[in-house]
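In what follows, a structure is listed as C-alpha cells, so that the remarks can point back to it.
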Amino acid sequence: MMKSNFKHNLNFSVYGQSHDDEIGIIVKNIPSGYLIDFKEINNILLLRQGNDSFNTKRQEKLKYQIKSGFNLISKDNQAITNGDTIEVVFFNTYHKKADYDNILVQPRPGHVDYVAKMKYQDKHSIAGGGHFSGRLTLPLVFLGAVCKQILAKHYPNMEVISHINSFASYKDIGYYDLRKFLVDKVIPDNIDKYSNINLQLLSIKLRDNLHKIIKNGIRNKNFPTFNQDTQDKMYKAATKLEDDSLGGQIETIIINPPSFIGEPLFYSFESIMATLVYSIPSIKDISFGNIDSFKNKKGSQVKDEILYLDNKKLTTIYNNNGGINGGITNGEDIVFSTIVKPIASINQPQLTYNISKKKLTYLKIKGRHDRTIINRVIPVIDAVSYIVIYDLCLPDLKAEK
C-alpha cells in the first residue's frame, strides 16, 4: 500500500491508488467534542467532482465509510469528534484499468509514469496515475471540510475564498484590483493628519467594505469568478476544448485569518502552505502577495504603509505582502496565487519512447480525462488552506479546550 504522510502539529496519512477498490485517510490530533455536519462536508466533496462537459466522465459515487474518530448522531447527518484517530475509507467503483494497458511500456508525456515506475516498481499502479492521481485529493477535501468546521468555532468570521483569476487568455478582477479601488475611494490624501480614532474607523471601513465585496462578488461556486462577463468567456473557452487541455491561475483570499501563526524559516506560514498546495496534482507554482508588483516595481511603489495597529492585527493600505511578514500572519487578508498546468492526457498522438520496442513511437492516450481541472482544483486549494490554518492553530486550540 502506497501512503503519503504529513506530520507537524496535525498528523495525517493518505493511502491508496486511483483504481484500487478504496482510498483513505488516517488523521491524528483532532480533539474531541466538536460537532461536525456531514451534509456540509458532502456538498464540498461534490464540488470537487466537477460535472461540466470539460470534466472527466469518471464520476464516482460519493460513497465512504467512517471507521473511527466520530460518535455518529443518527439525525441530521451529524457526528461528534471523540478524540480517537480518524479513519475514513472512500470506495472506488467506476474504475477501468484496461484503459491503461497501452501505456505500460509507453510512458505518457508530462506524466509521472516513468519516474514512478522506476522508483516504486510493482508498488505503483499505472492506472489513473496510481497514488499520484487527483483522486487522492478526495480525502484531503474531507479533512479540510472537518478543519473548516472546527475553526469556525474559534474564528467565526474567517473564510477561504478562491476564484479563477486567469484562464484561456482571460483575466478576472483580482484582490489587488479591488483593494486599490477601495483605497482610492476610502483613504484621503491627508491621511497623516488624522487622529487615532479616525484612523481606526478608516481601517475598519476599508476592511469591511473589501470583505463585503469579496464575499458577495463570487459568481457561481462551480466556476467562480468576480466578473460575470469574464466568467462567460472563460466557461465558453472550456466547453470548446476537444482534443486539447488548458491550465490557468487561481487566486485564494483568506479573510479575517488568525494573527501570529507560523514560525520563522522552516515552519513559516508560506512553507507549510506551499508543502500542502504542492501535494495537489497539476499545481506548478504558488506565490504570496502582490507578486506582479514585486516583479517590476520599486520598493517605494509596493511599500505596505501601516494605517492602524491593535493587539490582534494590523491594517496596511495595500497589503502587498499578502498578510504575512517573516513567515507569520499579521491579521491582514492572506492572499496567494497558484498556477495549474494543462492536463497532460490529451486526445492527440504524442511522441514517446517505447520501452519494449526500444524506439520512439506515437502514443494515443485512452481513458476518461479532464480537459481542464481549473474548477475542480479550487475546493482542494480551499481545503488545504483550512488544514494549514488548523495545523498552525492547533497548539492554541488545545490550550483553549
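Each chain in the C-alpha cells gets a letter, A, B, ..., in the order shown, and its residues are numbered from 1; ligands are numbered from 1 in order too.
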Per residue of stretch 222-259 of chain A within 10 Å of stretch 381-401 of chain A, what are the shortest atom pair and its distance in Å to one decimal, counting only C-alpha atoms, with rows by chain and residue number, as a Markdown table?
```
| residue | atom | partner | partner_atom | distance |
| --- | --- | --- | --- | --- |
| A:Ile250 | CA | A:Ile381 | CA | 9.1 |
| A:Glu251 | CA | A:Ile381 | CA | 9.8 |
| A:Thr252 | CA | A:Asp382 | CA | 7.7 |
| A:Ile253 | CA | A:Asp382 | CA | 9.4 |
| A:Ile254 | CA | A:Ser385 | CA | 8.4 |
| A:Pro257 | CA | A:Ile389 | CA | 8.4 |
| A:Pro258 | CA | A:Cys393 | CA | 8.1 |
| A:Ser259 | CA | A:Cys393 | CA | 9.7 |
```
Output of the above residues as a compact mmCIF listing (two decimals), in the first residue's frame, restricted to C-alpha atoms:
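As written to disk, part.txt reads:
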```txt
# COMPACT_ATOMS: atom_id res chain seq x y z
CA ILE A 250 -6.29 30.64 -9.17
CA GLU A 251 -6.25 33.37 -6.54
CA THR A 252 -7.06 32.48 -2.94
CA ILE A 253 -8.09 35.05 -0.34
CA ILE A 254 -8.37 34.20 3.36
CA PRO A 257 -7.49 34.91 9.42
CA PRO A 258 -5.93 34.30 12.83
CA SER A 259 -2.96 36.52 13.59
```
Checklist entry - Skipping near chain neighbours, those fewer than 5 positions away, what residues fall within 8 Å of stretch 167-179 of chain A using only C-alpha atoms, listed as number ranges by chain? => result A: 210, 225-227, 230-231, 233-234, 237-238, 246-249, 251, 253, 290, 318, 335
Checklist entry - At what distance in Å, to one decimal, does atom CA of A:Ser287 lie from atom CA of A:Gly322? => result 9.7 Å
Item to check | Atom pair atom CA of A:Lys215 / atom CA of A:Ile164: separation (Å) | outcome: 14.7 Å
Next on the checklist: Report, in Å to a single decimal, how far apart atom CA of A:Thr352 and atom CA of A:Val115 are.
Outcome noted: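 Computing the Euclidean distance for atom CA of A:Val115 and atom CA of A:Thr352 yields 14.2 Å.
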Next on the checklist: Just list as a ChimeraX atom specification whatever in stretch 238-378 of chain A DSSP marks as alpha helix (DSSP H).
Outcome noted: /A:238-239,269-277,291-296,377-378
Keeping only C-alpha atoms, write those residues as a PDB file, in the first residue's frame.
```pdb
ATOM      1  CA  ALA A 238     -13.504  25.493 -21.567  1.00  0.00           C
ATOM      2  CA  THR A 239     -16.501  23.943 -23.307  1.00  0.00           C
ATOM      3  CA  PHE A 269       3.091  30.045   7.027  1.00  0.00           C
ATOM      4  CA  GLU A 270       4.291  30.095   3.416  1.00  0.00           C
ATOM      5  CA  SER A 271       6.404  26.953   3.911  1.00  0.00           C
ATOM      6  CA  ILE A 272       3.567  24.843   5.318  1.00  0.00           C
ATOM      7  CA  MET A 273       1.043  26.186   2.807  1.00  0.00           C
ATOM      8  CA  ALA A 274       3.373  25.529  -0.121  1.00  0.00           C
ATOM      9  CA  THR A 275       4.017  21.992   1.132  1.00  0.00           C
ATOM     10  CA  LEU A 276       0.339  21.097   1.068  1.00  0.00           C
ATOM     11  CA  VAL A 277      -0.553  23.059  -2.064  1.00  0.00           C
ATOM     12  CA  ILE A 291       3.514  39.166  -6.914  1.00  0.00           C
ATOM     13  CA  ASP A 292       3.001  41.091 -10.183  1.00  0.00           C
ATOM     14  CA  SER A 293       4.029  44.333  -8.478  1.00  0.00           C
ATOM     15  CA  PHE A 294       7.019  42.724  -6.762  1.00  0.00           C
ATOM     16  CA  LYS A 295       8.415  41.659 -10.133  1.00  0.00           C
ATOM     17  CA  ASN A 296       8.655  45.068 -11.756  1.00  0.00           C
ATOM     18  CA  VAL A 377      -8.965  22.142  -8.054  1.00  0.00           C
ATOM     19  CA  ILE A 378     -10.493  25.124  -6.235  1.00  0.00           C
TER      20      ILE A 378
END
```
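Checking A:Asp184, A:Glu263, A:Asp20, A:Asp244 one by one against A:Ser133, counting only C-alpha atoms, you find the shortest gap at A:Asp20.
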Next on the checklist: Please list as a PyMOL selection string every residue within 8 Å of A:Val27, counting only C-alpha atoms and excluding residues in the same chain fewer than 4 positions away.
Outcome noted: chain A and resi 10-13+85-87
Item to check | Residue neighbourhood A:Gly24, 9 Å, only C-alpha atoms, exclusion window fewer than 2 positions, as number ranges by chain | outcome: A: 13-16, 22, 26, 64, 87-91, 136, 138-139
Dump of N, CA and C atoms for the selected residues, as a tab-separated table (two decimals), in the first residue's frame:
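Full text of result_39.tsv as output:
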```
chain	number	residue	atom	x	y	z
A	13	SER	N	-2.23	10.73	7.18
A	13	SER	CA	-1.72	9.92	6.07
A	13	SER	C	-2.84	9.68	5.07
A	14	VAL	N	-2.51	9.79	3.81
A	14	VAL	CA	-3.44	9.46	2.73
A	14	VAL	C	-2.91	8.21	2.03
A	15	TYR	N	-3.79	7.25	1.78
A	15	TYR	CA	-3.32	5.98	1.20
A	15	TYR	C	-4.24	5.53	0.06
A	16	GLY	N	-3.71	4.60	-0.74
A	16	GLY	CA	-4.48	4.02	-1.84
A	16	GLY	C	-4.07	4.58	-3.19
A	22	GLU	N	-10.40	0.99	-2.92
A	22	GLU	CA	-10.64	2.07	-1.95
A	22	GLU	C	-9.40	2.91	-1.76
A	26	ILE	N	-6.04	8.71	7.35
A	26	ILE	CA	-5.92	8.48	8.79
A	26	ILE	C	-5.41	9.77	9.41
A	64	TYR	N	-18.53	6.62	1.14
A	64	TYR	CA	-17.41	6.44	2.06
A	64	TYR	C	-17.90	5.89	3.40
A	87	GLU	N	-10.30	7.63	10.88
A	87	GLU	CA	-10.03	6.90	9.64
A	87	GLU	C	-11.29	6.88	8.80
A	88	VAL	N	-11.14	7.29	7.55
A	88	VAL	CA	-12.26	7.33	6.61
A	88	VAL	C	-11.82	6.62	5.33
A	89	VAL	N	-12.68	5.75	4.83
A	89	VAL	CA	-12.41	4.99	3.61
A	89	VAL	C	-13.38	5.45	2.52
A	90	PHE	N	-12.84	5.75	1.33
A	90	PHE	CA	-13.65	6.14	0.18
A	90	PHE	C	-13.57	5.02	-0.86
A	91	PHE	N	-14.71	4.63	-1.41
A	91	PHE	CA	-14.76	3.48	-2.30
A	91	PHE	C	-14.70	3.91	-3.77
A	136	LEU	N	-6.77	11.16	-5.22
A	136	LEU	CA	-6.25	11.18	-3.84
A	136	LEU	C	-6.48	12.53	-3.16
A	138	LEU	N	-9.47	13.63	-2.79
A	138	LEU	CA	-10.77	13.48	-2.11
A	138	LEU	C	-10.61	13.41	-0.59
A	139	PRO	N	-9.71	12.57	-0.06
A	139	PRO	CA	-9.53	12.58	1.41
A	139	PRO	C	-9.05	13.92	1.95
```
Next on the checklist: Let me make sure I understand: among A:Asp310, A:Asp243, A:Glu40, A:Asp333, which one has the smallest atom-to-atom distance to A:Ala145 if we use only C-alpha atoms?
Outcome noted: A:Glu40
Item to check | Which of A:Asn354, A:Tyr308, A:Ala152, A:Phe142 sits closest to A:Asp192 [using only C-alpha atoms] | outcome: A:Tyr308
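Closest to A:Ile213 among A:His8, A:Ile161, A:Ile66, A:Pro281 is A:Ile161, based on only C-alpha atoms.
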Item to check | Long-range neighbours of A:Val112 as a list in words, 10 Å cut-off, only C-alpha atoms, 2 positions minimum in chain | outcome: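 With the cut-off at 10 Å, the set is Pro107, Arg108, Pro109, Gly110, Tyr114, Val115, Ala116, Lys117, Ile126, Gly129, Gly130, Phe132 and Ser133 of chain A.
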Checklist entry - Near A:Ile283, within 6 Å and counting only C-alpha atoms, which residues show up once chain neighbours fewer than 5 positions away are dropped, as JSON, numbers by chain? => result {"A": [278, 339, 340]}
Checklist entry - Using only C-alpha atoms, which of the listed residues (A:Asn5, A:Gln200, A:Asn77, A:Ser125) sits closest to A:Ile187? => result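 Nearest to A:Ile187: A:Gln200.
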Item to check | From A:Lys357, A:Arg371, A:Lys312, A:Arg48, residue lying nearest A:Leu140 [only C-alpha atoms] | outcome: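 The answer is A:Arg48, which sits nearest to A:Leu140.
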